[in-house]
file structure_8.cif (mmCIF, C-alpha atoms and all ligand atoms)
data_entry
loop_
_atom_site.label_atom_id
_atom_site.label_comp_id
_atom_site.auth_asym_id
_atom_site.auth_seq_id
_atom_site.Cartn_x
_atom_site.Cartn_y
_atom_site.Cartn_z
CA MET C 281 27.81 36.54 8.02
CA SER C 282 31.39 35.79 9.11
CA ASP C 283 31.52 37.71 12.40
CA GLY C 284 33.10 34.74 14.16
CA ALA C 285 29.92 33.80 16.02
CA PRO C 286 28.92 30.12 15.90
CA LYS C 287 26.55 29.50 13.03
CA GLU C 288 23.48 28.53 15.01
CA ARG C 289 20.59 27.94 12.70
CA VAL C 290 17.12 29.04 13.58
CA LEU C 291 14.98 26.03 14.43
CA SER C 292 11.25 25.90 14.14
CA PRO C 293 9.72 25.32 17.58
CA HIS C 294 7.90 22.14 16.61
CA LEU C 295 9.90 19.97 19.02
CA GLN C 296 8.96 22.10 22.01
CA ILE C 297 5.27 22.50 21.32
CA TRP C 298 4.70 18.93 20.18
CA ARG C 299 1.32 17.53 21.17
CA PHE C 300 -0.43 14.31 20.26
CA THR C 301 -3.35 14.64 17.89
CA PRO C 302 -5.38 11.89 16.19
CA THR C 303 -4.74 13.64 12.87
CA MET C 304 -1.00 13.25 13.36
CA ALA C 305 -1.40 9.61 14.36
CA ALA C 306 -3.45 8.95 11.23
CA SER C 307 -0.77 10.57 9.10
CA ILE C 308 1.95 8.37 10.60
CA THR C 309 -0.30 5.32 10.29
CA HIS C 310 -0.92 6.13 6.62
CA ARG C 311 2.81 5.95 5.99
CA ALA C 312 3.25 2.80 8.11
CA THR C 313 0.38 1.01 6.37
CA GLY C 314 1.77 2.13 2.99
CA MET C 315 5.05 0.41 3.84
CA ALA C 316 3.28 -2.71 5.15
CA LEU C 317 1.24 -2.85 1.94
CA TYR C 318 4.47 -2.57 -0.05
CA GLY C 319 5.64 -5.83 1.53
CA GLY C 320 2.22 -7.46 1.25
CA VAL C 321 1.67 -6.57 -2.41
CA THR C 322 5.17 -7.87 -3.19
CA LEU C 323 4.37 -11.20 -1.52
CA ILE C 324 0.96 -11.54 -3.18
CA ALA C 325 2.44 -10.58 -6.58
CA LEU C 326 5.09 -13.30 -6.17
CA TRP C 327 2.33 -15.78 -5.29
CA PHE C 328 0.32 -14.72 -8.38
CA ILE C 329 3.39 -14.99 -10.62
CA GLY C 330 4.18 -18.33 -9.01
CA LEU C 331 0.72 -19.73 -9.82
CA ALA C 332 1.33 -18.90 -13.48
CA LEU C 333 5.05 -19.51 -13.91
CA ALA C 334 6.65 -21.13 -10.84
CA PRO C 335 4.38 -23.70 -9.13
CA GLN C 336 7.00 -24.54 -6.51
CA MET C 337 7.17 -20.90 -5.38
CA ALA C 338 3.38 -20.68 -5.21
CA ALA C 339 3.24 -23.83 -3.07
CA THR C 340 5.88 -22.46 -0.70
CA LEU C 341 4.01 -19.16 -0.35
CA THR C 342 0.70 -20.94 0.27
CA GLY C 343 2.46 -22.82 3.07
CA ILE C 344 3.61 -19.53 4.54
CA PHE C 345 0.13 -17.95 4.26
CA ARG C 346 -1.35 -20.90 6.18
CA SER C 347 1.25 -20.80 8.97
CA PRO C 348 0.66 -18.86 12.21
CA ILE C 349 2.98 -16.10 10.99
CA GLY C 350 1.10 -16.05 7.70
CA VAL C 351 -2.20 -15.55 9.53
CA ILE C 352 -0.72 -12.55 11.32
CA VAL C 353 0.62 -11.18 8.02
CA ILE C 354 -2.80 -11.57 6.37
CA ILE C 355 -4.59 -9.93 9.30
CA GLY C 356 -2.10 -7.06 9.10
CA PHE C 357 -2.45 -6.73 5.35
CA VAL C 358 -6.25 -6.68 5.42
CA TRP C 359 -6.45 -4.05 8.14
CA SER C 360 -3.66 -1.99 6.53
CA LEU C 361 -5.48 -1.94 3.21
CA CYS C 362 -8.79 -0.98 4.89
CA PHE C 363 -7.14 1.86 6.80
CA HIS C 364 -4.94 3.11 3.94
CA LEU C 365 -7.81 2.99 1.44
CA MET C 366 -10.12 5.02 3.66
CA ASN C 367 -7.42 7.45 4.73
CA GLY C 368 -6.39 7.75 1.07
CA LEU C 369 -9.94 8.87 0.30
CA ARG C 370 -9.58 11.36 3.15
CA HIS C 371 -6.42 12.67 1.45
CA LEU C 372 -8.32 13.07 -1.80
CA TYR C 373 -11.11 14.87 0.02
CA TRP C 374 -8.49 17.23 1.48
CA ASP C 375 -7.05 17.75 -2.01
CA SER C 376 -10.45 19.09 -3.01
CA GLY C 377 -9.96 21.73 -0.31
CA ARG C 378 -12.55 20.33 2.09
CA GLY C 379 -12.45 18.65 5.51
CA LEU C 380 -9.30 20.50 6.55
CA ASP C 381 -10.43 22.29 9.70
CA PRO C 382 -8.97 20.64 12.83
CA LYS C 383 -12.32 19.57 14.25
CA THR C 384 -13.39 17.73 11.12
CA ALA C 385 -9.91 16.28 10.58
CA THR C 386 -9.84 14.91 14.14
CA MET C 387 -13.31 13.44 13.77
CA THR C 388 -12.52 11.73 10.45
CA ALA C 389 -9.25 10.37 11.86
CA TRP C 390 -11.08 8.63 14.73
CA LEU C 391 -13.77 7.46 12.35
CA ILE C 392 -11.23 5.79 10.05
CA TYR C 393 -9.52 3.93 12.91
CA GLY C 394 -12.89 2.64 14.07
CA VAL C 395 -14.43 1.76 10.73
CA SER C 396 -11.25 0.14 9.37
CA ALA C 397 -11.05 -2.13 12.43
CA VAL C 398 -14.69 -3.21 12.08
CA LEU C 399 -14.39 -3.70 8.32
CA ALA C 400 -11.17 -5.73 8.61
CA SER C 401 -12.79 -7.93 11.29
CA VAL C 402 -15.78 -8.65 9.07
CA ILE C 403 -13.58 -9.44 6.04
CA LEU C 404 -11.35 -11.74 8.09
CA PHE C 405 -14.32 -13.44 9.77
CA PHE C 406 -15.95 -14.32 6.46
CA GLY C 407 -12.63 -14.96 4.69
CA TYR C 408 -11.45 -17.53 7.21
CA GLY C 409 -14.99 -18.81 7.77
CA SER C 410 -15.33 -19.84 4.14
CA ALA C 411 -11.86 -21.36 3.83
CA MET Q 204 7.64 15.15 -2.88
CA SER Q 205 10.34 14.23 -5.34
CA LYS Q 206 11.83 16.54 -7.94
CA LYS Q 207 9.21 15.88 -10.57
CA GLY Q 208 6.72 17.08 -7.98
CA THR Q 209 3.51 17.61 -9.86
CA SER Q 210 3.47 14.58 -12.13
CA THR Q 211 4.28 12.10 -9.35
CA PHE Q 212 1.64 13.79 -7.19
CA VAL Q 213 -0.96 13.32 -9.91
CA VAL Q 214 0.04 9.73 -10.70
CA GLN Q 215 -0.02 8.91 -6.96
CA ARG Q 216 -3.59 10.24 -6.67
CA ALA Q 217 -4.73 8.68 -9.97
CA THR Q 218 -3.41 5.22 -9.08
CA GLY Q 219 -4.99 5.62 -5.62
CA VAL Q 220 -8.39 6.32 -7.18
CA ILE Q 221 -8.10 3.36 -9.59
CA LEU Q 222 -7.10 1.13 -6.66
CA VAL Q 223 -10.25 1.83 -4.65
CA PRO Q 224 -12.70 -0.43 -6.57
CA LEU Q 225 -9.97 -2.99 -7.32
CA ALA Q 226 -8.99 -3.17 -3.64
CA ILE Q 227 -12.59 -3.59 -2.50
CA TRP Q 228 -13.03 -6.57 -4.83
CA VAL Q 229 -9.68 -8.02 -3.75
CA LEU Q 230 -10.47 -7.60 -0.05
CA ILE Q 231 -13.68 -9.59 -0.47
CA ASN Q 232 -11.87 -12.54 -2.09
CA LEU Q 233 -8.30 -12.36 -0.85
CA VAL Q 234 -8.34 -14.38 2.38
CA SER Q 235 -10.01 -17.45 0.94
CA VAL Q 236 -8.00 -17.50 -2.29
CA LEU Q 237 -4.64 -17.08 -0.51
CA ASN Q 238 -5.49 -20.01 1.75
CA ALA Q 239 -6.72 -22.28 -1.05
CA ASP Q 240 -4.55 -25.00 -2.57
CA PRO Q 241 -2.56 -23.46 -5.44
CA SER Q 242 -4.39 -25.62 -8.00
CA VAL Q 243 -7.75 -24.46 -6.65
CA ALA Q 244 -6.62 -20.82 -6.61
CA LEU Q 245 -5.45 -21.17 -10.22
CA VAL Q 246 -8.81 -22.54 -11.37
CA TRP Q 247 -10.58 -19.72 -9.52
CA LEU Q 248 -8.38 -17.14 -11.27
CA THR Q 249 -8.66 -18.64 -14.76
CA PRO Q 250 -11.65 -16.60 -16.07
CA ALA Q 251 -10.15 -13.49 -17.69
CA SER Q 252 -12.49 -11.29 -15.65
CA LYS Q 253 -10.84 -12.54 -12.45
CA SER Q 254 -7.18 -12.70 -13.50
CA ILE Q 255 -7.39 -9.22 -15.02
CA VAL Q 256 -8.99 -7.59 -11.99
CA PHE Q 257 -6.67 -9.36 -9.55
CA GLY Q 258 -3.64 -8.65 -11.74
CA ALA Q 259 -4.68 -5.02 -12.24
CA PHE Q 260 -4.88 -4.54 -8.48
CA LEU Q 261 -1.33 -5.88 -8.14
CA ALA Q 262 0.10 -4.01 -11.16
CA VAL Q 263 -1.47 -0.64 -10.32
CA GLY Q 264 -0.63 -1.23 -6.64
CA VAL Q 265 3.01 -1.86 -7.59
CA TRP Q 266 3.14 1.43 -9.48
CA HIS Q 267 1.48 3.38 -6.68
CA MET Q 268 3.74 1.88 -4.01
CA ARG Q 269 6.85 2.56 -6.11
CA ILE Q 270 6.05 6.26 -6.10
CA GLY Q 271 5.11 6.26 -2.41
CA MET Q 272 8.25 4.41 -1.33
CA SER Q 273 10.43 6.70 -3.44
CA GLU Q 274 9.02 9.65 -1.52
CA ILE Q 275 9.64 7.97 1.81
CA ILE Q 276 13.27 7.30 0.81
CA VAL Q 277 13.74 10.92 -0.31
CA ASP Q 278 12.36 12.09 3.04
CA TYR Q 279 14.77 10.12 5.20
CA LEU Q 280 17.89 9.23 3.18
CA HIS Q 281 19.79 11.85 1.23
CA GLY Q 282 23.12 10.27 0.22
CA TRP Q 283 24.15 7.41 -2.01
CA LEU Q 284 22.23 4.88 0.10
CA GLY Q 285 18.99 6.62 -0.79
CA ASP Q 286 19.95 6.64 -4.47
CA ILE Q 287 20.68 2.90 -4.44
CA LEU Q 288 17.45 2.11 -2.64
CA ARG Q 289 15.49 4.18 -5.16
CA VAL Q 290 17.07 2.28 -8.04
CA LEU Q 291 16.26 -1.05 -6.34
CA ASN Q 292 12.72 0.21 -5.75
CA TRP Q 293 12.43 0.87 -9.50
CA PHE Q 294 13.83 -2.56 -10.43
CA LEU Q 295 11.49 -4.39 -8.07
CA ALA Q 296 8.50 -2.49 -9.46
CA LEU Q 297 9.46 -3.18 -13.08
CA ALA Q 298 10.13 -6.87 -12.43
CA LEU Q 299 6.86 -7.38 -10.56
CA PHE Q 300 4.89 -5.34 -13.10
CA GLY Q 301 6.24 -7.40 -16.01
CA GLY Q 302 5.73 -10.66 -14.13
CA ILE Q 303 2.13 -9.79 -13.31
CA ILE Q 304 1.24 -8.93 -16.93
CA LEU Q 305 2.90 -12.11 -18.19
CA SER Q 306 1.04 -14.13 -15.55
CA ILE Q 307 -2.36 -12.74 -16.54
CA TYR Q 308 -1.58 -13.88 -20.08
CA LYS Q 309 -0.41 -17.33 -18.94
CA ILE Q 310 -3.34 -17.88 -16.58
CA SER Q 311 -6.22 -16.82 -18.85
CA PHE Q 312 -5.06 -16.53 -22.46
CA ALA Q 313 -2.25 -18.96 -23.23
CA GLY Q 314 -4.64 -21.93 -23.19
C1 LIG C 501 -2.22 -1.69 -3.34
C2 LIG C 501 -2.22 -1.19 -2.15
C3 LIG C 501 -1.48 0.08 -1.79
C4 LIG C 501 -0.14 0.21 -1.53
C5 LIG C 501 0.94 -0.87 -1.59
C6 LIG C 501 0.08 1.60 -1.17
C7 LIG C 501 1.31 2.16 -0.82
C8 LIG C 501 1.53 3.47 -0.52
C9 LIG C 501 2.77 4.03 -0.06
C10 LIG C 501 4.06 3.26 0.20
C11 LIG C 501 2.57 5.37 0.11
C12 LIG C 501 3.58 6.39 0.61
C13 LIG C 501 3.23 6.77 2.01
C14 LIG C 501 3.78 8.10 2.44
O1 LIG C 501 4.33 8.84 1.63
O2 LIG C 501 3.62 8.42 3.63
C15 LIG C 501 1.23 5.67 -0.27
C16 LIG C 501 0.66 6.92 -0.26
C17 LIG C 501 -0.63 7.23 -0.65
N1 LIG C 501 -1.63 6.31 -0.92
FE1 LIG C 501 -1.35 4.32 -1.10
N2 LIG C 501 -1.11 2.29 -1.26
C18 LIG C 501 -2.08 1.38 -1.64
C19 LIG C 501 -3.43 1.66 -1.83
C20 LIG C 501 -4.00 2.92 -1.82
C21 LIG C 501 -5.40 3.17 -2.04
C22 LIG C 501 -6.49 2.13 -2.30
C23 LIG C 501 -5.57 4.51 -1.96
C24 LIG C 501 -6.92 5.17 -2.11
C25 LIG C 501 -7.16 6.39 -2.35
C26 LIG C 501 -4.26 5.12 -1.69
C27 LIG C 501 -3.99 6.48 -1.56
C28 LIG C 501 -2.77 7.03 -1.24
C29 LIG C 501 -2.49 8.45 -1.19
C30 LIG C 501 -3.46 9.59 -1.48
C31 LIG C 501 -1.14 8.57 -0.81
C32 LIG C 501 -0.33 9.87 -0.66
C33 LIG C 501 -0.28 10.28 0.77
C34 LIG C 501 0.55 11.52 0.94
O3 LIG C 501 0.75 12.26 -0.01
O4 LIG C 501 1.00 11.75 2.08
N3 LIG C 501 -3.33 4.11 -1.60
N4 LIG C 501 0.59 4.49 -0.63
#

call {"tool": "encode", "arguments": {"input": "structure_8.cif", "output": "structure tokens"}}
result
Amino acid sequence: MSDGAPKERVLSPHLQIWRFTPTMAASITHRATGMALYGGVTLIALWFIGLALAPQMAATLTGIFRSPIGVIVIIGFVWSLCFHLMNGLRHLYWDSGRGLDPKTATMTAWLIYGVSAVLASVILFFGYGSA
Amino acid sequence: MSKKGTSTFVVQRATGVILVPLAIWVLINLVSVLNADPSVALVWLTPASKSIVFGAFLAVGVWHMRIGMSEIIVDYLHGWLGDILRVLNWFLALALFGGIILSIYKISFAG
């Protein structure tokens, strides 16, 4: 090992042959929506706890949910949950050893972007419509 | 994956599966209940069937997201900062989990 040559490590070539694929995008989006849901679930849990134990906190959070920023947060949460739920099912399908060939994986990735957007729109339409 | 690879993997999948029906029910009701006056939301949540399902979504979600976030931290942060964040992640999950269970009791069972 110690022949005096600089210790260059062998790198995998992934940086050179990088190419966009919908499957990769879905994988990044799964992580991003997971983090967004982390924040959202924390907020909603605080609201729930507030209703039971801290009315002032619940009132403050309701005010935030109704504000323009709150509307954006709710839209983001609803779509994130739709996407993450469906892509989570895709993960579970993969865990069963199916759906892994690139063609199917690409197709299901597109499908989940499309269906989650439609589903979130419907939920938000009826949710705000009935408020 | 973290060091206890297999068990966190299984719990992550199991909580994900449990969350599917809970999340569907929550998605249907969430927007209107979050925008309701707190007193109205509280009345809506008072039947045990509602507070338990809503609370279960939050409690199981907290557990699932604790595991997921721990993995994200392990992926990107290796030093003491990662360790601290993972401890905070645990504390937040425990505090929320306990608060949610207590709230279900207060909302539907404490009279
Ligand atoms: C309560 C709402 C939810 C929250 C806060 C949440 C949060 C997270 C987070 C933070 C991660 C880590 C992401 C990563 O490692 O890239 C994750 C991963 C995962 N989630 Fe969720 N999630 C939720 C709902 C769901 C649902 C409904 C499913 C349905 C099956 C699901 C299935 C999964 C799976 C399978 C993974 C592991 C992905 C992997 O190994 O790369 N999650 N989630």

call {"tool": "residues_near_ligand", "arguments": {"input": "structure_8.cif", "ligand": "ligand LIG 501 (chain C)", "cutoff": "7 Å", "atoms": "only C-alpha atoms and all ligand atoms", "output": "PyMOL selection string"}}
result
(chain C and resi 310-311+314-315+317-318+321+361+364-366+368-369+371-372) or (chain Q and resi 215-216+219-220+222-223+226+260-261+264-265+267-269+271-272+274-275)

call {"tool": "interface_residues", "arguments": {"input": "structure_8.cif", "of": "chain C", "to": "chain Q", "cutoff": "7 Å", "atoms": "all atoms listed in the file", "output": "list in words"}}
result
Tyr318, Val321, Ala325, Ile329, Leu331, Ala332, Leu333, Ala338, Ala339, Thr342, Phe345, Arg346, Val358, Leu365, Ile403, Leu404, Gly407, Tyr408, Ser410 and Ala411 of chain C

call {"tool": "closest_residue", "arguments": {"input": "structure_8.cif", "among": "Q:Ala298, Q:Leu288, Q:Thr218, Q:Ala259", "to": "Ser273 in chain Q", "atoms": "all atoms listed in the file"}}
result
Q:Leu288

call {"tool": "atom_distance", "arguments": {"input": "structure_8.cif", "atom1": "CA of Thr322 in chain C", "atom2": "CA of Ala334 in chain C"}}
result
15.4 Å

call {"tool": "atom_distance", "arguments": {"input": "structure_8.cif", "atom1": "CA of Val351 in chain C", "atom2": "CA of Thr303 in chain C"}}
result
29.5 Å

call {"tool": "residues_around", "arguments": {"input": "structure_8.cif", "residues": "Ser396 in chain C", "least_positions_apart": "5", "cutoff": "8 Å", "atoms": "all atoms listed in the file", "output": "list of chain:residue names"}}
result
C:Trp359, C:Cys362, C:Phe363, C:Met366

call {"tool": "atom_distance", "arguments": {"input": "structure_8.cif", "atom1": "CA of Val246 in chain Q", "atom2": "CA of Trp327 in chain C"}}
result
14.4 Å

call {"tool": "build_atoms", "arguments": {"input": "structure_8.cif", "residues": "range 250-268 of chain Q", "atoms": "N, CA, C and O atoms", "output": "CSV table (one decimal), in the coordinates of the input"}}
result
chain,number,residue,atom,x,y,z
Q,250,PRO,N,-10.9,-17.5,-15.2
Q,250,PRO,CA,-11.6,-16.6,-16.1
Q,250,PRO,C,-10.9,-15.3,-16.2
Q,250,PRO,O,-10.4,-14.7,-15.2
Q,251,ALA,N,-10.9,-14.7,-17.4
Q,251,ALA,CA,-10.2,-13.5,-17.7
Q,251,ALA,C,-10.6,-12.4,-16.8
Q,251,ALA,O,-9.8,-11.5,-16.3
Q,252,SER,N,-11.9,-12.4,-16.5
Q,252,SER,CA,-12.5,-11.3,-15.6
Q,252,SER,C,-11.8,-11.3,-14.3
Q,252,SER,O,-11.6,-10.2,-13.7
Q,253,LYS,N,-11.5,-12.5,-13.8
Q,253,LYS,CA,-10.8,-12.5,-12.4
Q,253,LYS,C,-9.4,-12.3,-12.5
Q,253,LYS,O,-8.8,-11.5,-11.7
Q,254,SER,N,-8.6,-12.9,-13.5
Q,254,SER,CA,-7.2,-12.7,-13.5
Q,254,SER,C,-6.8,-11.2,-13.8
Q,254,SER,O,-5.9,-10.7,-13.3
Q,255,ILE,N,-7.7,-10.6,-14.7
Q,255,ILE,CA,-7.4,-9.2,-15.0
Q,255,ILE,C,-7.6,-8.3,-13.8
Q,255,ILE,O,-6.8,-7.4,-13.6
Q,256,VAL,N,-8.7,-8.5,-13.1
Q,256,VAL,CA,-9.0,-7.6,-12.0
Q,256,VAL,C,-8.0,-7.8,-10.9
Q,256,VAL,O,-7.4,-6.8,-10.3
Q,257,PHE,N,-7.7,-9.1,-10.6
Q,257,PHE,CA,-6.7,-9.4,-9.6
Q,257,PHE,C,-5.3,-8.8,-10.0
Q,257,PHE,O,-4.6,-8.2,-9.2
Q,258,GLY,N,-4.9,-9.1,-11.2
Q,258,GLY,CA,-3.6,-8.6,-11.7
Q,258,GLY,C,-3.6,-7.1,-11.8
Q,258,GLY,O,-2.5,-6.5,-11.5
Q,259,ALA,N,-4.7,-6.5,-12.2
Q,259,ALA,CA,-4.7,-5.0,-12.2
Q,259,ALA,C,-4.5,-4.4,-10.9
Q,259,ALA,O,-3.7,-3.4,-10.7
Q,260,PHE,N,-5.1,-5.0,-9.8
Q,260,PHE,CA,-4.9,-4.5,-8.5
Q,260,PHE,C,-3.4,-4.6,-8.2
Q,260,PHE,O,-2.8,-3.6,-7.6
Q,261,LEU,N,-2.8,-5.7,-8.5
Q,261,LEU,CA,-1.3,-5.9,-8.1
Q,261,LEU,C,-0.5,-4.9,-9.0
Q,261,LEU,O,0.4,-4.3,-8.4
Q,262,ALA,N,-0.7,-4.8,-10.3
Q,262,ALA,CA,0.1,-4.0,-11.2
Q,262,ALA,C,0.0,-2.5,-10.8
Q,262,ALA,O,1.0,-1.8,-10.7
Q,263,VAL,N,-1.3,-2.1,-10.7
Q,263,VAL,CA,-1.5,-0.6,-10.3
Q,263,VAL,C,-0.9,-0.4,-8.9
Q,263,VAL,O,-0.3,0.7,-8.6
Q,264,GLY,N,-1.2,-1.4,-8.0
Q,264,GLY,CA,-0.6,-1.2,-6.6
Q,264,GLY,C,0.9,-1.1,-6.6
Q,264,GLY,O,1.5,-0.3,-5.9
Q,265,VAL,N,1.5,-1.9,-7.5
Q,265,VAL,CA,3.0,-1.9,-7.6
Q,265,VAL,C,3.4,-0.5,-8.0
Q,265,VAL,O,4.4,0.1,-7.5
Q,266,TRP,N,2.7,0.1,-9.0
Q,266,TRP,CA,3.1,1.4,-9.5
Q,266,TRP,C,3.0,2.5,-8.4
Q,266,TRP,O,3.8,3.3,-8.2
Q,267,HIS,N,1.8,2.4,-7.7
Q,267,HIS,CA,1.5,3.4,-6.7
Q,267,HIS,C,2.5,3.3,-5.5
Q,267,HIS,O,3.0,4.3,-5.0
Q,268,MET,N,2.8,2.0,-5.2
Q,268,MET,CA,3.7,1.9,-4.0
Q,268,MET,C,5.2,2.2,-4.4
Q,268,MET,O,5.9,2.7,-3.5
